[in-house]
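S.K.: Below is run33.txt; it holds compact mmCIF, C-alpha atoms.
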# COMPACT_ATOMS: atom_id res chain seq x y z
CA MET A 1002 255.99 -76.27 -81.78
CA ALA A 1003 257.10 -76.59 -78.20
CA THR A 1004 255.62 -74.04 -75.87
CA PRO A 1005 258.29 -71.87 -74.26
CA PHE A 1006 256.72 -72.16 -70.81
CA ARG A 1007 255.87 -75.23 -68.92
CA MET A 1008 252.36 -76.57 -68.39
CA THR A 1009 250.02 -74.57 -66.27
CA ASN A 1010 251.16 -70.98 -66.82
CA PHE A 1011 249.83 -69.79 -63.51
CA LEU A 1012 251.54 -66.53 -64.36
CA GLN A 1013 251.27 -64.81 -67.73
CA LEU A 1014 253.01 -61.77 -69.17
CA ALA A 1015 249.85 -59.71 -68.78
CA GLY A 1016 249.93 -60.53 -65.07
CA ILE A 1017 253.29 -58.85 -64.49
CA ARG A 1018 253.48 -55.19 -63.47
CA LEU A 1019 256.81 -53.52 -62.84
CA GLY A 1020 257.24 -50.02 -61.46
CA ALA A 1021 253.75 -50.01 -59.97
CA THR A 1022 252.75 -47.40 -57.42
CA ALA A 1023 250.48 -47.66 -54.41
CA SER A 1024 250.15 -45.18 -51.58
CA SER A 1025 248.81 -47.74 -49.11
CA ARG A 1026 248.58 -51.42 -48.37
CA GLU A 1027 244.91 -51.40 -49.35
CA GLU A 1028 245.72 -49.81 -52.69
CA ALA A 1029 248.42 -52.42 -53.31
CA VAL A 1030 246.11 -55.32 -52.47
CA ARG A 1031 243.35 -53.92 -54.64
CA LEU A 1032 245.79 -53.42 -57.49
CA CYS A 1033 246.62 -57.13 -57.37
CA GLY A 1034 242.92 -57.99 -57.20
CA GLU A 1035 242.04 -55.78 -60.12
CA LEU A 1036 244.80 -57.32 -62.19
CA LEU A 1037 243.49 -60.82 -61.39
CA HIS A 1038 240.03 -59.59 -62.33
CA SER A 1039 241.20 -58.07 -65.61
CA LEU A 1040 242.72 -61.44 -66.54
CA GLY A 1041 239.36 -63.10 -65.92
CA ALA A 1042 240.76 -65.25 -63.09
CA VAL A 1043 238.35 -63.87 -60.48
CA GLU A 1044 235.00 -62.14 -60.17
CA SER A 1045 235.08 -58.66 -58.69
CA GLY A 1046 233.87 -59.91 -55.28
CA TYR A 1047 237.27 -61.47 -54.82
CA ILE A 1048 238.97 -58.08 -54.59
CA ASP A 1049 237.09 -57.13 -51.42
CA ALA A 1050 237.80 -60.59 -50.01
CA MET A 1051 241.52 -60.01 -50.53
CA TRP A 1052 241.36 -56.87 -48.43
CA GLU A 1053 239.21 -58.66 -45.85
CA ARG A 1054 241.84 -61.40 -45.63
CA GLU A 1055 244.53 -58.80 -44.86
CA HIS A 1056 242.63 -57.84 -41.71
CA ILE A 1057 242.43 -61.41 -40.46
CA ILE A 1058 246.15 -61.89 -40.86
CA SER A 1059 248.70 -59.96 -42.86
CA SER A 1060 249.89 -61.61 -46.05
CA TYR A 1061 253.39 -60.28 -45.45
CA MET A 1062 255.90 -63.09 -45.99
CA GLY A 1063 259.24 -61.48 -45.14
CA GLU A 1064 262.05 -60.14 -47.33
CA GLY A 1065 259.84 -57.33 -48.64
CA VAL A 1066 257.35 -59.71 -50.21
CA SER A 1067 253.65 -60.25 -49.55
CA LEU A 1068 251.21 -62.76 -50.98
CA PRO A 1069 247.75 -61.19 -50.98
CA HIS A 1070 244.86 -63.56 -51.66
CA GLY A 1071 241.22 -64.04 -50.77
CA THR A 1072 239.49 -65.80 -47.90
CA ASP A 1073 238.44 -69.42 -47.89
CA ALA A 1074 234.84 -68.33 -48.50
CA SER A 1075 235.86 -66.28 -51.53
CA ARG A 1076 237.00 -69.28 -53.56
CA LYS A 1077 233.58 -69.13 -55.19
CA TYR A 1078 234.73 -66.00 -57.01
CA VAL A 1079 237.71 -67.79 -58.57
CA ASN A 1080 237.36 -68.80 -62.22
CA PHE A 1081 240.81 -70.31 -62.59
CA ALA A 1082 244.05 -70.41 -60.62
CA GLN A 1083 246.30 -67.50 -61.37
CA LEU A 1084 249.17 -65.47 -59.98
CA VAL A 1085 249.99 -61.84 -60.60
CA PHE A 1086 253.40 -60.30 -60.03
CA VAL A 1087 253.27 -56.64 -58.98
CA ARG A 1088 256.54 -54.91 -58.15
CA PHE A 1089 256.50 -51.39 -56.76
CA SER A 1090 258.93 -48.61 -57.55
CA GLU A 1091 258.70 -47.40 -53.95
CA PRO A 1092 258.15 -49.66 -50.92
CA VAL A 1093 254.57 -49.85 -49.63
CA GLU A 1094 254.06 -49.58 -45.87
CA TRP A 1095 252.60 -52.90 -44.76
CA ASP A 1096 251.60 -53.11 -41.13
CA GLY A 1097 255.01 -51.90 -39.99
CA GLU A 1098 256.89 -53.69 -42.76
CA GLU A 1099 257.93 -52.54 -46.21
CA VAL A 1100 256.76 -54.37 -49.30
CA LYS A 1101 258.40 -54.10 -52.71
CA LEU A 1102 256.79 -57.12 -54.32
CA CYS A 1103 253.24 -58.46 -54.17
CA ILE A 1104 252.42 -61.83 -55.58
CA GLY A 1105 248.64 -61.88 -55.78
CA ILE A 1106 247.03 -65.31 -55.74
CA ALA A 1107 243.74 -66.78 -56.86
CA ALA A 1108 243.14 -70.50 -56.49
CA LYS A 1109 240.23 -72.88 -56.23
CA GLY A 1110 242.22 -75.71 -54.65
CA ASP A 1111 245.82 -76.77 -54.32
CA GLU A 1112 246.71 -76.72 -58.01
CA HIS A 1113 249.20 -73.87 -57.61
CA GLY A 1114 250.85 -75.39 -54.54
CA GLU A 1115 253.92 -76.82 -56.21
CA LEU A 1116 254.66 -73.48 -57.81
CA LEU A 1117 254.38 -71.69 -54.47
CA GLY A 1118 256.72 -74.17 -52.82
CA ASN A 1119 259.28 -73.54 -55.54
CA LEU A 1120 258.75 -69.82 -55.21
CA ALA A 1121 259.67 -69.99 -51.52
CA GLU A 1122 262.98 -71.56 -52.46
CA LYS A 1123 263.61 -68.87 -55.06
CA LEU A 1124 262.87 -66.13 -52.54
CA LEU A 1125 265.37 -67.66 -50.14
CA ASP A 1126 268.05 -68.06 -52.80
CA PRO A 1127 270.09 -64.83 -53.04
CA SER A 1128 270.65 -64.95 -56.79
CA SER A 1129 267.06 -65.65 -57.86
CA TYR A 1130 265.80 -63.28 -55.14
CA LYS A 1131 267.83 -60.50 -56.74
CA SER A 1132 266.32 -61.31 -60.14
CA LEU A 1133 262.79 -61.31 -58.73
CA MET A 1134 263.32 -57.95 -57.06
CA GLU A 1135 265.36 -56.21 -59.76
CA SER A 1136 265.00 -57.80 -63.18
CA ALA A 1137 263.47 -55.45 -65.74
CA SER A 1138 262.71 -58.32 -68.13
CA THR A 1139 259.15 -59.59 -67.84
CA THR A 1140 260.01 -62.70 -69.85
CA GLU A 1141 262.84 -63.53 -67.47
CA LEU A 1142 260.49 -63.09 -64.51
CA LEU A 1143 257.84 -65.20 -66.18
CA GLU A 1144 260.27 -68.05 -66.74
CA LEU A 1145 261.70 -67.74 -63.25
CA ILE A 1146 258.26 -68.07 -61.64
CA ASN A 1147 256.63 -70.57 -63.93
CA LEU A 1148 259.50 -73.04 -64.02
CA MET B 182 251.58 -77.22 -22.87
CA SER B 183 251.90 -80.17 -25.21
CA SER B 184 254.95 -81.89 -26.55
CA ILE B 185 256.01 -84.79 -28.76
CA SER B 186 259.28 -86.40 -29.76
CA GLY B 187 260.30 -85.38 -33.25
CA ALA B 188 260.89 -89.05 -33.99
CA LYS B 189 257.18 -89.77 -33.54
CA VAL B 190 255.94 -87.08 -35.91
CA LYS B 191 254.27 -88.57 -38.95
CA LYS B 192 252.01 -85.71 -39.86
CA LEU B 193 252.82 -82.02 -39.73
CA VAL B 194 250.02 -79.62 -40.59
CA VAL B 195 250.46 -75.94 -41.40
CA ALA B 196 247.35 -74.12 -40.20
CA CYS B 197 246.03 -71.24 -42.22
CA GLU B 198 243.02 -69.06 -42.76
CA ALA B 199 242.28 -69.66 -46.44
CA GLY B 200 244.93 -72.17 -47.45
CA MET B 201 245.73 -70.34 -50.63
CA GLY B 202 248.94 -68.46 -50.01
CA SER B 203 251.67 -68.56 -47.43
CA SER B 204 250.61 -71.75 -45.64
CA VAL B 205 250.60 -73.61 -48.95
CA MET B 206 254.01 -72.22 -49.70
CA ILE B 207 255.43 -73.44 -46.40
CA ALA B 208 253.69 -76.81 -46.51
CA LYS B 209 255.08 -77.58 -49.96
CA GLN B 210 258.53 -76.45 -48.98
CA LEU B 211 258.56 -78.60 -45.82
CA ALA B 212 256.98 -81.56 -47.60
CA LYS B 213 259.98 -81.63 -49.89
CA GLN B 214 262.41 -81.50 -46.98
CA LEU B 215 260.64 -84.16 -44.92
CA LYS B 216 259.36 -86.56 -47.55
CA ALA B 217 262.39 -88.84 -47.33
CA HIS B 218 261.72 -89.20 -43.58
CA GLY B 219 258.19 -90.47 -44.04
CA VAL B 220 256.58 -87.32 -42.68
CA GLU B 221 253.48 -86.06 -44.41
CA VAL B 222 253.12 -82.26 -44.55
CA THR B 223 249.79 -80.69 -45.45
CA HIS B 224 247.95 -77.44 -44.80
CA SER B 225 244.52 -76.99 -43.32
CA PRO B 226 242.18 -74.15 -42.41
CA VAL B 227 242.44 -73.57 -38.70
CA ASN B 228 238.78 -74.54 -38.12
CA GLN B 229 239.32 -77.94 -39.76
CA LEU B 230 242.51 -78.91 -37.97
CA ASP B 231 240.80 -81.69 -36.07
CA ASP B 232 239.96 -83.51 -39.30
CA ALA B 233 243.55 -83.17 -40.47
CA ASP B 234 244.66 -85.13 -37.36
CA PRO B 235 248.15 -83.63 -37.03
CA ASP B 236 250.96 -84.70 -34.69
CA VAL B 237 252.28 -81.15 -34.76
CA VAL B 238 250.69 -77.90 -35.92
CA LEU B 239 252.71 -75.01 -37.32
CA CYS B 240 251.06 -71.65 -37.76
CA HIS B 241 251.59 -67.93 -37.88
CA ARG B 242 251.41 -66.18 -34.51
CA GLY B 243 248.21 -64.43 -35.61
CA LEU B 244 246.40 -67.76 -35.73
CA GLY B 245 248.15 -69.37 -32.77
CA GLN B 246 245.35 -68.98 -30.26
CA ARG B 247 242.69 -70.32 -32.57
CA ALA B 248 244.89 -73.26 -33.48
CA LYS B 249 245.59 -74.07 -29.83
CA GLN B 250 241.89 -73.88 -28.96
CA ALA B 251 241.14 -76.26 -31.80
CA MET B 252 243.93 -78.66 -30.86
CA PRO B 253 244.54 -78.37 -27.08
CA LYS B 254 246.47 -81.65 -26.84
CA THR B 255 248.68 -81.17 -29.87
CA PRO B 256 251.88 -79.12 -29.91
CA VAL B 257 251.21 -75.87 -31.78
CA VAL B 258 254.39 -74.10 -32.83
CA VAL B 259 253.94 -70.49 -33.86
CA PHE B 260 256.22 -68.47 -36.08
CA ASP B 261 256.44 -64.80 -37.03
CA MET B 262 258.00 -64.90 -40.48
CA PHE B 263 256.91 -67.09 -43.34
CA LEU B 264 260.28 -66.89 -45.01
CA GLY B 265 263.25 -68.18 -43.09
CA ASP B 266 261.79 -68.18 -39.58
CA PRO B 267 264.14 -70.10 -37.25
CA ARG B 268 261.14 -71.70 -35.51
CA ILE B 269 260.08 -73.40 -38.71
CA GLN B 270 263.59 -74.69 -39.23
CA GLY B 271 263.61 -75.73 -35.57
CA VAL B 272 260.63 -78.03 -36.10
CA VAL B 273 262.26 -79.57 -39.17
CA ASP B 274 265.50 -80.13 -37.26
CA ALA B 275 263.66 -81.63 -34.28
CA ILE B 276 261.89 -84.09 -36.57
CA LEU B 277 265.14 -85.05 -38.27
CA ASN B 278 267.04 -85.37 -34.99
CA GLY B 279 264.27 -86.81 -32.85
CA ASP B 280 264.31 -83.86 -30.43
CA THR B 281 261.30 -82.80 -28.41
CA ILE B 282 258.82 -80.39 -30.00
CA SER B 283 256.62 -78.40 -27.64
CA ASP B 284 254.37 -75.38 -27.43
CA ASP B 285 255.77 -72.03 -26.48
Please express the file's structure as structure tokens.

M.R.:
Amino acid sequence: MATPFRMTNFLQLAGIRLGATASSREEAVRLCGELLHSLGAVESGYIDAMWEREHIISSYMGEGVSLPHGTDASRKYVNFAQLVFVRFSEPVEWDGEEVKLCIGIAAKGDEHGELLGNLAEKLLDPSSYKSLMESASTTELLELINL
Amino acid sequence: MSSISGAKVKKLVVACEAGMGSSVMIAKQLAKQLKAHGVEVTHSPVNQLDDADPDVVLCHRGLGQRAKQAMPKTPVVVFDMFLGDPRIQGVVDAILNGDTISDD
């Protein structure tokens, strides 16, 4: 039987959290890290590296979205490339910005690059942006990101 | 200050810290837009820029100084927003139109 989602599945249903809460940027980043860890994508050392990376340069992208991920040195903690999608019910204060959506990333190399490039286009497209920020259907979000 | 004609750009490198998130996102997006014009777009950690041998470097303002120190003779264009920053579009337009690209 044909699989409903294409190839790689960098994002899985278990990696999507809607209505999440975080009282700080650190809490939000760690939430993404813990989710990656619970999926087996990273070792726990990666979570600290994600927070460390935020201090070097903010992972805020614009449009209420940030892309927290580890440092170059923390690739050793990555078991397999994976994304997590964490959307907050209330905006999280992010170095002067407000974040509603975190897409947490773990990668060993460039294998997830194509998906990220496509994601940028979706974030800049008003209709798919609205879906990403508002859709209550995890399957719809999964398809939107993975395709 | 360094500058180059957009027409001469064959390799655009997005500098990053880890090369896992935003820089990858931008590099892939720009690669798609510039592929037909024979311009290669990659991403590279800021401390390995020299090996990447770019004609132009794009990077977030937070890494601008490190990028410029690494590549003093290469135009380093800094931007503030990963999504929809006019400076990023400006570099793409300059390459397509053959306009001059220079440091701030």

S.K.: Env of Ala1023 in chain A: 12 Å cut, atoms = all atoms listed in the file, seq-sep filter 4 positions within chain, self excluded. Answer as a PyMOL selection string.

M.R.: chain A and resi 1027-1033+1087-1095+1100-1103

S.K.: Taking all atoms listed in the file into account, which residues of chain B are within 8 Å of chain A, as a VMD selection string?

M.R.: chain B and resid 198 to 203 205 to 210 243 to 244 262 to 265

S.K.: Atoms to include: C-alpha atoms. Write the selected residues as a PDB file, in the coordinates of the input.

M.R.:
ATOM      1  CA  GLU B 198     243.020 -69.060 -42.760  1.00  0.00           C
ATOM      2  CA  ALA B 199     242.280 -69.660 -46.440  1.00  0.00           C
ATOM      3  CA  GLY B 200     244.930 -72.170 -47.450  1.00  0.00           C
ATOM      4  CA  MET B 201     245.730 -70.340 -50.630  1.00  0.00           C
ATOM      5  CA  GLY B 202     248.940 -68.460 -50.010  1.00  0.00           C
ATOM      6  CA  SER B 203     251.670 -68.560 -47.430  1.00  0.00           C
ATOM      7  CA  VAL B 205     250.600 -73.610 -48.950  1.00  0.00           C
ATOM      8  CA  MET B 206     254.010 -72.220 -49.700  1.00  0.00           C
ATOM      9  CA  ILE B 207     255.430 -73.440 -46.400  1.00  0.00           C
ATOM     10  CA  ALA B 208     253.690 -76.810 -46.510  1.00  0.00           C
ATOM     11  CA  LYS B 209     255.080 -77.580 -49.960  1.00  0.00           C
ATOM     12  CA  GLN B 210     258.530 -76.450 -48.980  1.00  0.00           C
ATOM     13  CA  GLY B 243     248.210 -64.430 -35.610  1.00  0.00           C
ATOM     14  CA  LEU B 244     246.400 -67.760 -35.730  1.00  0.00           C
ATOM     15  CA  MET B 262     258.000 -64.900 -40.480  1.00  0.00           C
ATOM     16  CA  PHE B 263     256.910 -67.090 -43.340  1.00  0.00           C
ATOM     17  CA  LEU B 264     260.280 -66.890 -45.010  1.00  0.00           C
ATOM     18  CA  GLY B 265     263.250 -68.180 -43.090  1.00  0.00           C
TER      19      GLY B 265
END

S.K.: How far is it from CA of Gly279 in chain B to CA of Lys213 in chain B, in Å with one decimal?

M.R.: 18.3 Å

S.K.: Using only C-alpha atoms, which residues sit within 9 Å of range 229-239 of chain B once same-chain residues fewer than 2 positions away are excluded, as a PDB file with C-alpha atoms, in the coordinates of the input?

M.R.:
ATOM      1  CA  SER B 184     254.950 -81.890 -26.550  1.00  0.00           C
ATOM      2  CA  ILE B 185     256.010 -84.790 -28.760  1.00  0.00           C
ATOM      3  CA  LYS B 189     257.180 -89.770 -33.540  1.00  0.00           C
ATOM      4  CA  VAL B 190     255.940 -87.080 -35.910  1.00  0.00           C
ATOM      5  CA  LYS B 191     254.270 -88.570 -38.950  1.00  0.00           C
ATOM      6  CA  LYS B 192     252.010 -85.710 -39.860  1.00  0.00           C
ATOM      7  CA  LEU B 193     252.820 -82.020 -39.730  1.00  0.00           C
ATOM      8  CA  VAL B 194     250.020 -79.620 -40.590  1.00  0.00           C
ATOM      9  CA  VAL B 195     250.460 -75.940 -41.400  1.00  0.00           C
ATOM     10  CA  ALA B 196     247.350 -74.120 -40.200  1.00  0.00           C
ATOM     11  CA  THR B 223     249.790 -80.690 -45.450  1.00  0.00           C
ATOM     12  CA  HIS B 224     247.950 -77.440 -44.800  1.00  0.00           C
ATOM     13  CA  SER B 225     244.520 -76.990 -43.320  1.00  0.00           C
ATOM     14  CA  PRO B 226     242.180 -74.150 -42.410  1.00  0.00           C
ATOM     15  CA  VAL B 227     242.440 -73.570 -38.700  1.00  0.00           C
ATOM     16  CA  HIS B 241     251.590 -67.930 -37.880  1.00  0.00           C
ATOM     17  CA  GLY B 245     248.150 -69.370 -32.770  1.00  0.00           C
ATOM     18  CA  ALA B 248     244.890 -73.260 -33.480  1.00  0.00           C
ATOM     19  CA  LYS B 249     245.590 -74.070 -29.830  1.00  0.00           C
ATOM     20  CA  ALA B 251     241.140 -76.260 -31.800  1.00  0.00           C
ATOM     21  CA  MET B 252     243.930 -78.660 -30.860  1.00  0.00           C
ATOM     22  CA  THR B 255     248.680 -81.170 -29.870  1.00  0.00           C
ATOM     23  CA  PRO B 256     251.880 -79.120 -29.910  1.00  0.00           C
ATOM     24  CA  VAL B 257     251.210 -75.870 -31.780  1.00  0.00           C
ATOM     25  CA  VAL B 258     254.390 -74.100 -32.830  1.00  0.00           C
ATOM     26  CA  VAL B 259     253.940 -70.490 -33.860  1.00  0.00           C
ATOM     27  CA  PHE B 260     256.220 -68.470 -36.080  1.00  0.00           C
ATOM     28  CA  ILE B 269     260.080 -73.400 -38.710  1.00  0.00           C
ATOM     29  CA  VAL B 272     260.630 -78.030 -36.100  1.00  0.00           C
ATOM     30  CA  ILE B 282     258.820 -80.390 -30.000  1.00  0.00           C
ATOM     31  CA  SER B 283     256.620 -78.400 -27.640  1.00  0.00           C
TER      32      SER B 283
END

S.K.: My list of candidates is B:Cys240, B:Val220, B:Asp274, B:Thr281. Which is closest to Asp261 in chain B when distances are computed with all atoms listed in the file?

M.R.: B:Cys240
